[in-house]
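Shown below: entry_29.txt, with compact mmCIF, C-alpha atoms and all ligand atoms.
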# COMPACT_ATOMS: atom_id res chain seq x y z
CA ARG A 1 55.36 84.88 50.69
CA VAL A 2 58.95 85.96 50.60
CA GLN A 3 58.18 89.54 51.53
CA ALA A 4 56.61 88.34 54.75
CA LEU A 5 59.84 86.72 55.89
CA PRO A 6 61.58 88.97 58.39
CA GLY A 7 64.89 90.03 56.88
CA PHE A 8 66.98 88.93 59.83
CA LEU A 9 65.88 85.32 59.36
CA ALA A 10 67.27 85.34 55.86
CA GLN A 11 70.43 87.32 56.39
CA ALA A 12 72.36 85.56 59.11
CA SER A 13 75.50 83.61 58.47
CA HIS A 14 74.85 80.02 59.46
CA PRO A 15 74.54 77.57 56.53
CA LEU A 16 71.09 76.55 57.76
CA ARG A 17 69.92 80.03 57.10
CA THR A 18 71.37 80.20 53.62
CA GLN A 19 70.15 76.90 52.32
CA GLY A 20 67.54 77.39 49.69
CA LEU A 21 68.95 80.67 48.48
CA GLY A 22 69.35 81.00 44.75
CA GLU A 23 72.71 80.43 43.16
CA ASP A 24 73.60 84.10 43.05
CA ALA A 25 72.64 84.66 46.62
CA ARG A 26 74.74 81.69 47.63
CA ARG A 27 77.69 83.06 45.75
CA VAL A 28 77.23 86.39 47.46
CA HIS A 29 77.23 84.57 50.75
CA ALA A 30 80.33 82.60 49.87
CA LYS A 31 82.00 85.82 48.81
CA LYS A 32 81.13 87.42 52.10
CA ASN A 33 82.60 84.50 54.01
CA ASP A 34 85.63 84.96 51.86
CA GLN A 35 86.14 88.26 53.61
CA THR A 36 85.92 90.46 50.60
CA SER A 37 85.33 94.14 51.08
CA HIS A 38 81.81 95.37 51.39
CA HIS A 39 82.14 97.20 48.09
CA GLU A 40 83.00 94.02 46.28
CA PHE A 41 80.26 92.25 48.12
CA HIS A 42 77.80 94.90 47.06
CA ALA A 43 78.92 94.66 43.45
CA MET A 44 78.57 90.90 43.56
CA SER A 45 74.86 91.09 44.31
CA PRO A 46 72.90 91.14 41.10
CA VAL A 47 69.29 92.07 41.61
CA ARG A 48 67.45 90.47 38.78
CA GLN A 49 64.00 91.62 38.00
CA GLY A 50 61.44 88.84 37.79
CA ASP A 51 63.15 85.53 37.20
CA PRO A 52 60.44 82.99 37.86
CA ALA A 53 62.71 80.11 36.92
CA ARG A 54 64.48 80.48 40.22
CA ALA A 55 62.24 78.72 42.67
CA LEU A 56 63.28 79.36 46.23
CA MET A 57 62.97 77.22 49.31
CA ILE A 58 62.65 78.41 52.86
CA ARG A 59 63.07 75.75 55.49
CA GLY A 60 62.11 73.03 53.07
CA SER A 61 59.02 74.76 51.74
CA PRO A 62 58.93 76.01 48.19
CA VAL A 63 58.40 79.72 47.96
CA THR A 64 57.03 81.48 44.97
CA GLY A 65 59.11 84.56 44.47
CA THR A 66 62.05 86.00 42.67
CA LEU A 67 65.65 86.39 43.53
CA GLU A 68 65.01 90.08 43.99
CA ALA A 69 63.08 89.39 47.14
CA PHE A 70 66.02 87.45 48.51
CA ALA A 71 68.64 89.81 47.27
CA ARG A 72 67.10 92.57 49.32
CA PRO A 73 67.85 91.07 52.75
CA CYS A 74 71.22 89.91 51.45
CA LEU A 75 72.07 93.42 50.32
CA ALA A 76 71.12 94.64 53.77
CA LEU A 77 74.18 92.75 55.00
CA ALA A 78 76.35 95.25 53.19
CA MET A 79 75.20 97.84 55.71
CA HIS A 80 76.48 95.78 58.61
CA THR A 81 79.85 97.43 59.00
CA HIS A 82 79.90 98.19 62.72
CA ALA A 83 80.07 95.47 65.34
CA LEU A 84 79.97 95.05 69.08
CA VAL A 85 81.96 92.10 70.46
CA LEU A 86 81.12 90.44 73.75
CA PHE A 87 84.61 90.37 75.14
CA SER A 88 85.35 88.66 78.45
CA GLY A 89 89.13 88.47 78.16
CA GLY A 90 89.15 84.72 77.50
CA GLN A 91 90.55 82.80 74.54
CA ASP A 92 87.22 82.45 72.75
CA SER A 93 86.13 86.05 72.96
CA ALA A 94 89.62 87.25 72.01
CA THR A 95 89.42 85.11 68.87
CA ALA A 96 85.92 86.41 68.18
CA LEU A 97 87.31 89.93 68.51
CA ALA A 98 90.05 89.19 65.96
CA TRP A 99 87.42 87.72 63.65
CA ALA A 100 85.35 90.92 63.95
CA LEU A 101 88.39 93.14 63.36
CA ASP A 102 89.13 91.20 60.21
CA ARG A 103 85.60 91.66 58.96
CA TYR A 104 84.14 94.96 60.13
CA ASP A 105 85.09 98.60 59.73
CA ARG A 106 84.53 99.53 63.33
CA VAL A 107 84.54 97.25 66.34
CA GLU A 108 83.58 98.13 69.89
CA THR A 109 83.84 95.77 72.84
CA ILE A 110 81.64 95.12 75.84
CA GLY A 111 82.38 93.27 79.06
CA PHE A 112 80.51 92.67 82.29
CA ASP A 113 81.49 92.88 85.91
CA TYR A 114 79.20 90.47 87.71
CA GLY A 115 81.16 89.71 90.84
CA GLN A 116 83.39 87.11 89.25
CA ARG A 117 85.36 85.38 91.92
CA HIS A 118 88.52 86.56 90.29
CA LYS A 119 89.05 89.97 88.84
CA VAL A 120 91.91 88.67 86.72
CA GLU A 121 89.41 88.25 83.89
CA LEU A 122 88.69 91.97 83.89
CA THR A 123 92.39 92.79 83.93
CA ALA A 124 92.99 90.33 81.11
CA ARG A 125 90.44 92.16 78.93
CA LEU A 126 92.37 95.40 79.11
CA ASN A 127 95.72 93.70 78.54
CA VAL A 128 94.43 91.87 75.45
CA LEU A 129 92.98 95.07 73.98
CA ALA A 130 96.21 96.98 74.57
CA ALA A 131 98.34 94.18 73.13
CA ILE A 132 96.23 93.86 69.97
CA LYS A 133 96.36 97.63 69.42
CA ALA A 134 100.14 97.63 69.83
CA ARG A 135 100.90 94.59 67.66
CA PHE A 136 98.37 94.93 64.82
CA PRO A 137 98.42 98.37 63.19
CA ALA A 138 95.93 97.14 60.58
CA TRP A 139 93.36 96.59 63.32
CA ALA A 140 94.17 99.39 65.77
CA PRO A 141 92.28 102.16 63.89
CA LYS A 142 89.14 99.99 63.81
CA MET A 143 89.07 99.49 67.56
CA GLY A 144 86.45 101.69 69.11
CA GLU A 145 85.29 102.15 72.66
CA ASP A 146 85.44 99.42 75.26
CA HIS A 147 82.43 99.28 77.56
CA LEU A 148 82.36 97.62 80.97
CA LEU A 149 78.88 97.25 82.41
CA ASP A 150 77.98 96.39 85.96
CA ALA A 151 75.98 93.16 85.93
CA GLY A 152 76.36 92.60 89.67
CA ILE A 153 72.69 91.77 89.91
CA LEU A 154 73.66 88.26 88.74
CA GLY A 155 75.52 87.75 92.00
CA GLN A 156 72.33 88.46 93.91
CA ILE A 157 70.27 85.85 92.16
CA SER A 158 72.56 82.95 91.42
CA GLU A 159 74.35 80.31 93.44
CA THR A 160 77.29 79.44 91.29
CA SER A 161 80.91 78.54 91.69
CA LEU A 162 81.85 81.43 89.41
CA THR A 163 80.58 84.04 91.83
CA ARG A 164 80.88 82.15 95.12
CA ASP A 165 83.68 80.24 96.69
CA THR A 166 82.48 76.69 96.09
CA ALA A 167 84.00 73.78 94.23
CA ILE A 168 83.18 73.14 90.57
CA GLU A 169 81.04 70.04 90.16
CA MET A 170 78.24 68.60 88.08
CA GLU A 171 74.72 69.08 89.33
CA SER A 172 71.76 66.74 89.02
CA SER A 173 70.53 68.87 86.09
CA GLY A 174 73.53 67.60 84.11
CA LEU A 175 75.01 71.10 84.03
CA PRO A 176 78.13 72.16 85.89
CA ASN A 177 77.56 74.47 88.83
CA THR A 178 79.49 77.09 86.88
CA PHE A 179 76.27 77.61 84.93
CA VAL A 180 74.69 80.95 85.78
CA PRO A 181 71.05 80.73 84.66
CA GLY A 182 70.20 83.44 82.18
CA ARG A 183 73.64 85.00 82.25
CA ASN A 184 74.27 84.97 78.54
CA LEU A 185 70.69 86.00 77.79
CA LEU A 186 71.14 89.01 80.04
CA PHE A 187 74.52 89.83 78.47
CA LEU A 188 73.08 89.69 74.96
CA THR A 189 70.15 91.88 75.93
CA LEU A 190 72.43 94.47 77.51
CA ALA A 191 74.76 94.30 74.51
CA ALA A 192 71.84 94.78 72.13
CA ALA A 193 70.64 97.81 74.08
CA LEU A 194 74.11 99.31 73.91
CA ALA A 195 74.44 98.41 70.23
CA TYR A 196 71.13 100.14 69.56
CA ARG A 197 72.23 103.31 71.27
CA ARG A 198 75.59 103.34 69.50
CA GLY A 199 74.30 102.44 66.05
CA LEU A 200 76.09 99.09 65.85
CA GLN A 201 74.23 96.53 63.78
CA VAL A 202 76.12 93.36 64.61
CA ILE A 203 76.81 91.57 67.87
CA VAL A 204 79.68 89.09 67.81
CA THR A 205 79.98 86.47 70.52
CA GLY A 206 82.44 83.61 71.01
CA VAL A 207 79.85 81.11 72.20
CA CYS A 208 80.41 77.55 71.10
CA GLU A 209 78.13 74.55 71.02
CA THR A 210 81.01 72.08 70.77
CA ASP A 211 82.26 73.31 74.15
CA PHE A 212 82.24 70.69 76.92
CA SER A 213 80.02 72.73 79.18
CA GLY A 214 76.94 72.58 77.01
CA TYR A 215 75.56 75.75 78.52
CA PRO A 216 72.07 76.01 77.03
CA ASP A 217 72.35 79.80 76.71
CA CYS A 218 75.33 79.37 74.36
CA ARG A 219 73.63 77.05 71.89
CA ASP A 220 72.92 77.94 68.30
CA ASP A 221 69.15 77.71 68.70
CA THR A 222 69.30 80.09 71.64
CA MET A 223 71.37 82.56 69.62
CA LYS A 224 68.92 82.42 66.72
CA ALA A 225 65.98 82.93 69.05
CA MET A 226 67.74 85.87 70.73
CA GLN A 227 68.46 87.44 67.35
CA VAL A 228 64.79 87.29 66.49
CA ALA A 229 63.58 88.43 69.92
CA LEU A 230 66.01 91.35 70.16
CA SER A 231 65.37 92.45 66.57
CA LEU A 232 61.63 92.41 67.14
CA GLY A 233 61.79 93.92 70.61
CA MET A 234 63.98 96.81 69.48
CA ASP A 235 62.44 97.10 66.04
CA ARG A 236 65.86 97.09 64.44
CA LYS A 237 67.54 94.38 62.44
CA LEU A 238 70.27 92.99 64.58
CA LEU A 239 72.68 90.27 63.50
CA ILE A 240 74.23 87.95 66.09
CA GLU A 241 77.40 86.41 64.70
CA THR A 242 78.91 83.31 66.32
CA PRO A 243 82.16 82.49 64.47
CA LEU A 244 83.16 79.74 66.94
CA MET A 245 79.82 77.98 67.20
CA TRP A 246 80.79 74.80 65.34
CA ILE A 247 84.52 74.57 65.86
CA ASP A 248 86.51 72.95 68.66
CA LYS A 249 89.27 74.47 70.76
CA ALA A 250 92.09 73.34 68.44
CA GLN A 251 90.31 74.95 65.50
CA THR A 252 89.81 78.09 67.57
CA TRP A 253 93.60 78.39 67.99
CA GLN A 254 94.00 77.78 64.26
CA LEU A 255 91.41 80.45 63.46
CA ALA A 256 93.31 82.95 65.59
CA HIS A 257 96.50 82.03 63.78
CA ASP A 258 94.89 82.50 60.36
CA LEU A 259 93.32 85.83 61.29
CA GLY A 260 96.58 87.15 62.72
CA GLN A 261 98.46 86.09 59.62
CA GLN A 262 95.92 87.83 57.44
CA ALA A 263 96.28 91.05 59.42
CA ASP A 264 100.07 90.96 59.26
CA SER A 265 101.89 88.65 56.89
CA ALA A 266 105.09 89.14 58.90
CA GLN A 267 104.51 86.44 61.52
CA GLY A 268 101.15 87.90 62.51
CA GLY A 269 99.67 84.43 62.95
CA GLN A 270 102.17 83.33 65.55
CA ALA A 271 102.01 86.77 67.15
CA LEU A 272 98.26 86.54 67.70
CA VAL A 273 98.52 83.02 69.11
CA ASP A 274 101.30 84.16 71.46
CA LEU A 275 99.26 87.18 72.48
CA ILE A 276 96.24 85.01 73.31
CA VAL A 277 98.41 82.54 75.23
CA GLU A 278 100.03 85.30 77.26
CA HIS A 279 97.17 87.71 77.94
CA THR A 280 93.81 85.93 77.83
CA HIS A 281 92.44 84.22 80.90
CA THR A 282 90.33 81.07 81.01
CA CYS A 283 91.02 79.32 84.33
CA TYR A 284 87.96 79.07 86.58
CA LEU A 285 90.16 79.37 89.67
CA GLY A 286 91.76 82.62 88.52
CA ASP A 287 95.27 81.19 88.76
CA ARG A 288 97.90 83.43 87.14
CA THR A 289 100.86 81.93 88.99
CA GLN A 290 101.42 78.84 86.83
CA ARG A 291 102.54 79.38 83.24
CA HIS A 292 102.09 76.56 80.72
CA ASP A 293 102.74 76.55 76.98
CA TRP A 294 99.00 77.29 76.53
CA GLY A 295 98.93 80.14 79.04
CA TYR A 296 98.27 80.72 82.73
CA GLY A 297 96.02 78.61 84.90
CA CYS A 298 95.71 75.93 87.54
CA GLY A 299 95.88 73.23 84.86
CA GLN A 300 93.25 71.16 86.68
CA CYS A 301 89.87 72.87 86.31
CA PRO A 302 87.66 71.97 83.32
CA ALA A 303 88.42 75.27 81.57
CA CYS A 304 92.19 74.76 81.87
CA GLN A 305 91.98 71.16 80.70
CA LEU A 306 89.92 72.12 77.67
CA ARG A 307 92.28 74.94 76.75
CA ALA A 308 95.38 72.76 77.25
CA ALA A 309 94.00 69.86 75.21
CA GLY A 310 92.96 72.15 72.36
CA PHE A 311 96.35 73.83 72.29
CA ALA A 312 98.15 70.48 72.22
CA ARG A 313 96.08 69.32 69.25
CA PHE A 314 96.64 72.66 67.48
CA GLN A 315 100.42 72.36 67.98
CA LYS A 316 100.43 68.85 66.53
CA SER A 317 98.41 69.75 63.45
ZN ZN B 1 92.13 76.30 85.93
Output the file's structure in the form of structure tokens.
Amino acid sequence: RVQALPGFLAQASHPLRTQGLGEDARRVHAKKNDQTSHHEFHAMSPVRQGDPARALMIRGSPVTGTLEAFARPCLALAMHTHALVLFSGGQDSATALAWALDRYDRVETIGFDYGQRHKVELTARLNVLAAIKARFPAWAPKMGEDHLLDAGILGQISETSLTRDTAIEMESSGLPNTFVPGRNLLFLTLAAALAYRRGLQVIVTGVCETDFSGYPDCRDDTMKAMQVALSLGMDRKLLIETPLMWIDKAQTWQLAHDLGQQADSAQGGQALVDLIVEHTHTCYLGDRTQRHDWGYGCGQCPACQLRAAGFARFQKS
């Protein structure tokens, strides 16, 4: 029965989770993706009493119910106005932050100090935040507290080239030795605990399944499972948003451009791209001495190559 379906399964943003919704619910969803205000979104959600003609499907199974039952979890989305962004200071999380600022009324940020080999990442975070506040007056008032948590315990339990001084290479598992087992699971759990305490209903993360690394803790299935586990374990509906999940690095640059332009029609798009080029940090080796058109980095490590290739494709498009 529809009522038995936990709301958070029905209310997340991925198309998989919206398939089978009735026409109105789909339109509501499309409207939401259209970045309309929450008021408009609310007004767009007709709750029809008893309309048996609208048969609903959940994951391929027909469900006997009415649109009302579906409209309820959809309407709950309208309450999701406060977000917490996992913000590392890299290109992806900076774009995810811009996406959240475009969409939510209040946005806080969280980062983790886990003994990264290079502290430039932590410095980059602060520089990006300051630059966004200075350049985008439409977003500045929405930017809430920035939280930096100590996750040094990861350094105690993992052998990885991100926390130790070893070369980056592929391991027999098929994963690069930059993979820190459980890292993102731990980050999401800590973020959810903080979000709970601060009354933030949405967690936004820049994870991406099309990324070369294929980290299993960044995949869509993992995110969905974490959303369910954290919502159940904290007895609060939590939404994990992953705006970059299905796009590549060139599209990520384009997304940043579009969001910046939307925030400020006077060259805001180029300004946000320039800001991300200048202030975010991606290079695994922590190199800030070499400046390329796509930003700072060694230019050789997998992260630099990915960023450079994506930027080149974005420039050509
Ligand atoms: Zn590099």
Legend entry - Residue nearest Trp99 of chain A among A:Arg288, A:Lys237, A:His257, A:Arg313 (counting only C-alpha atoms): A:His257
Inset, instruction - Counting all atoms listed in the file, name the residues that have an atom within 6 Å of an atom of ligand ZN 1 (chain B); the answer should be given as a ChimeraX atom specification. - result: /A:283-285,297-301,303-304
Inset, instruction - Tell me which protein, DNA and RNA residues are within 8 Å of segment 262-274 of chain A, counting all atoms listed in the file, leaving out same-chain ones fewer than 2 positions away, and put them as a list in words. - result: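 Contacts, in chain order: Asp102, Ile132, Arg135, Phe136, Ala138, Trp139, Trp253, Ala256, His257, Asp258, Leu259, Gly260, Ile276, Val277 and Glu278 of chain A.
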Inset, instruction - Just the residues within 10 Å of segment 240-245 of chain A, please, counting only C-alpha atoms, with nothing from its chain fewer than 3 positions along; format it as a ChimeraX atom specification. - result: /A:8,12-14,83-85,92-93,95-97,99-100,188,192,201-211,218-220,223-224,226-228,230-231,237,248-249,251-252,255
Residues from the last selection, C-alpha atoms, saved as a short mmCIF file (atom, residue, chain, number, x, y, z; two decimals), in the frame of the given file:
data_model
loop_
_atom_site.label_atom_id
_atom_site.label_comp_id
_atom_site.auth_asym_id
_atom_site.auth_seq_id
_atom_site.Cartn_x
_atom_site.Cartn_y
_atom_site.Cartn_z
CA PHE A 8 66.98 88.93 59.83
CA ALA A 12 72.36 85.56 59.11
CA SER A 13 75.50 83.61 58.47
CA HIS A 14 74.85 80.02 59.46
CA ALA A 83 80.07 95.47 65.34
CA LEU A 84 79.97 95.05 69.08
CA VAL A 85 81.96 92.10 70.46
CA ASP A 92 87.22 82.45 72.75
CA SER A 93 86.13 86.05 72.96
CA THR A 95 89.42 85.11 68.87
CA ALA A 96 85.92 86.41 68.18
CA LEU A 97 87.31 89.93 68.51
CA TRP A 99 87.42 87.72 63.65
CA ALA A 100 85.35 90.92 63.95
CA LEU A 188 73.08 89.69 74.96
CA ALA A 192 71.84 94.78 72.13
CA GLN A 201 74.23 96.53 63.78
CA VAL A 202 76.12 93.36 64.61
CA ILE A 203 76.81 91.57 67.87
CA VAL A 204 79.68 89.09 67.81
CA THR A 205 79.98 86.47 70.52
CA GLY A 206 82.44 83.61 71.01
CA VAL A 207 79.85 81.11 72.20
CA CYS A 208 80.41 77.55 71.10
CA GLU A 209 78.13 74.55 71.02
CA THR A 210 81.01 72.08 70.77
CA ASP A 211 82.26 73.31 74.15
CA CYS A 218 75.33 79.37 74.36
CA ARG A 219 73.63 77.05 71.89
CA ASP A 220 72.92 77.94 68.30
CA MET A 223 71.37 82.56 69.62
CA LYS A 224 68.92 82.42 66.72
CA MET A 226 67.74 85.87 70.73
CA GLN A 227 68.46 87.44 67.35
CA VAL A 228 64.79 87.29 66.49
CA LEU A 230 66.01 91.35 70.16
CA SER A 231 65.37 92.45 66.57
CA LYS A 237 67.54 94.38 62.44
CA ASP A 248 86.51 72.95 68.66
CA LYS A 249 89.27 74.47 70.76
CA GLN A 251 90.31 74.95 65.50
CA THR A 252 89.81 78.09 67.57
CA LEU A 255 91.41 80.45 63.46
#
Legend entry - Straight-line distance linking atom CA of Asp235 of chain A with atom CA of Pro181 of chain A, stated in Å to one decimal: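 Distance reported for this atom pair: 26.2 Å.
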Inset, instruction - For atom CA of Val120 of chain A and atom CA of Arg106 of chain A, quote the distance in Å rounded to one decimal. - result: 26.8 Å
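Residues near the point (69.1, 84.5, 86.8), at a distance of 12 Å or less over all atoms listed in the file, make up Tyr114, Ala151, Gly152, Ile153, Leu154, Gly155, Gln156, Ile157, Ser158, Glu159, Thr160, Phe179, Val180, Pro181, Gly182, Arg183, Asn184, Leu185, Leu186, Phe187 and Asp217 of chain A.
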Legend entry - Gap from atom CA of Gly286 of chain A to atom CA of Trp246 of chain A - Å, one decimal: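 Atom CA of Trp246 of chain A lies 26.8 Å from atom CA of Gly286 of chain A.
The smallest atom-to-atom distance between Gln254 of chain A and any of A:Glu145, A:Glu121, A:Gln91, A:Leu239, using all atoms listed in the file, is found for A:Gln91.
With only C-alpha atoms as the atoms that count, the minimum distance from Gly233 of chain A to the choices A:Ala250, A:Tyr196, A:Arg103, A:Leu306 is reached by A:Tyr196.
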Inset, instruction - List the neighbours of Leu126 of chain A out to 12 Å using only C-alpha atoms; skip same-chain residues closer than 4 positions along the sequence, and give me the result as a ChimeraX atom specification. - result: /A:87-90,94,109-111,119-122,130-133,145-148,279-281
Inset, instruction - Find the residue from A:Tyr296, A:Leu86, A:Val107, A:Ala98 that sits nearest to Gln261 of chain A; use all atoms listed in the file when measuring. - result: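 Among A:Tyr296, A:Leu86, A:Val107, A:Ala98, it is A:Ala98 that comes nearest to Gln261 of chain A.
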Will you give me segment 139-157 of chain A, written with N, CA and C atoms and laid out as a PDB file, in the first residue's frame?
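This went into part.pdb:
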ATOM      1  N   TRP A 139      23.511  35.424  -3.342  1.00  0.00           N
ATOM      2  CA  TRP A 139      23.742  34.207  -2.561  1.00  0.00           C
ATOM      3  C   TRP A 139      24.260  34.476  -1.147  1.00  0.00           C
ATOM      4  N   ALA A 140      24.996  35.572  -0.992  1.00  0.00           N
ATOM      5  CA  ALA A 140      25.674  35.842   0.281  1.00  0.00           C
ATOM      6  C   ALA A 140      24.755  35.731   1.503  1.00  0.00           C
ATOM      7  N   PRO A 141      23.529  36.315   1.446  1.00  0.00           N
ATOM      8  CA  PRO A 141      22.682  36.250   2.647  1.00  0.00           C
ATOM      9  C   PRO A 141      22.216  34.840   2.983  1.00  0.00           C
ATOM     10  N   LYS A 142      22.264  33.934   1.996  1.00  0.00           N
ATOM     11  CA  LYS A 142      21.826  32.560   2.253  1.00  0.00           C
ATOM     12  C   LYS A 142      22.914  31.721   2.910  1.00  0.00           C
ATOM     13  N   MET A 143      24.144  32.194   2.842  1.00  0.00           N
ATOM     14  CA  MET A 143      25.268  31.377   3.306  1.00  0.00           C
ATOM     15  C   MET A 143      25.373  31.409   4.821  1.00  0.00           C
ATOM     16  N   GLY A 144      25.136  30.247   5.396  1.00  0.00           N
ATOM     17  CA  GLY A 144      25.176  30.130   6.846  1.00  0.00           C
ATOM     18  C   GLY A 144      26.541  29.665   7.317  1.00  0.00           C
ATOM     19  N   GLU A 145      26.542  29.027   8.472  1.00  0.00           N
ATOM     20  CA  GLU A 145      27.811  28.643   9.086  1.00  0.00           C
ATOM     21  C   GLU A 145      28.580  27.613   8.271  1.00  0.00           C
ATOM     22  N   ASP A 146      29.881  27.701   8.383  1.00  0.00           N
ATOM     23  CA  ASP A 146      30.766  26.694   7.800  1.00  0.00           C
ATOM     24  C   ASP A 146      31.339  25.872   8.953  1.00  0.00           C
ATOM     25  N   HIS A 147      31.235  24.559   8.824  1.00  0.00           N
ATOM     26  CA  HIS A 147      31.681  23.669   9.901  1.00  0.00           C
ATOM     27  C   HIS A 147      32.881  22.855   9.420  1.00  0.00           C
ATOM     28  N   LEU A 148      33.917  22.797  10.216  1.00  0.00           N
ATOM     29  CA  LEU A 148      35.055  21.938   9.889  1.00  0.00           C
ATOM     30  C   LEU A 148      35.204  20.913  11.013  1.00  0.00           C
ATOM     31  N   LEU A 149      34.997  19.659  10.669  1.00  0.00           N
ATOM     32  CA  LEU A 149      35.072  18.610  11.686  1.00  0.00           C
ATOM     33  C   LEU A 149      36.384  17.852  11.571  1.00  0.00           C
ATOM     34  N   ASP A 150      36.861  17.412  12.710  1.00  0.00           N
ATOM     35  CA  ASP A 150      38.079  16.611  12.747  1.00  0.00           C
ATOM     36  C   ASP A 150      37.714  15.149  12.465  1.00  0.00           C
ATOM     37  N   ALA A 151      38.171  14.644  11.329  1.00  0.00           N
ATOM     38  CA  ALA A 151      37.941  13.236  10.995  1.00  0.00           C
ATOM     39  C   ALA A 151      39.299  12.518  10.920  1.00  0.00           C
ATOM     40  N   GLY A 152      40.202  12.936  11.806  1.00  0.00           N
ATOM     41  CA  GLY A 152      41.563  12.397  11.802  1.00  0.00           C
ATOM     42  C   GLY A 152      41.622  10.902  12.041  1.00  0.00           C
ATOM     43  N   ILE A 153      40.559  10.362  12.576  1.00  0.00           N
ATOM     44  CA  ILE A 153      40.510   8.933  12.849  1.00  0.00           C
ATOM     45  C   ILE A 153      40.722   8.130  11.553  1.00  0.00           C
ATOM     46  N   LEU A 154      40.366   8.742  10.417  1.00  0.00           N
ATOM     47  CA  LEU A 154      40.573   8.056   9.134  1.00  0.00           C
ATOM     48  C   LEU A 154      42.053   7.788   8.878  1.00  0.00           C
ATOM     49  N   GLY A 155      42.894   8.713   9.323  1.00  0.00           N
ATOM     50  CA  GLY A 155      44.330   8.548   9.130  1.00  0.00           C
ATOM     51  C   GLY A 155      44.878   7.368   9.909  1.00  0.00           C
ATOM     52  N   GLN A 156      44.195   7.036  11.019  1.00  0.00           N
ATOM     53  CA  GLN A 156      44.647   5.928  11.856  1.00  0.00           C
ATOM     54  C   GLN A 156      44.317   4.575  11.246  1.00  0.00           C
ATOM     55  N   ILE A 157      43.275   4.544  10.431  1.00  0.00           N
ATOM     56  CA  ILE A 157      42.810   3.240   9.985  1.00  0.00           C
ATOM     57  C   ILE A 157      43.005   2.972   8.502  1.00  0.00           C
TER      58      ILE A 157
END
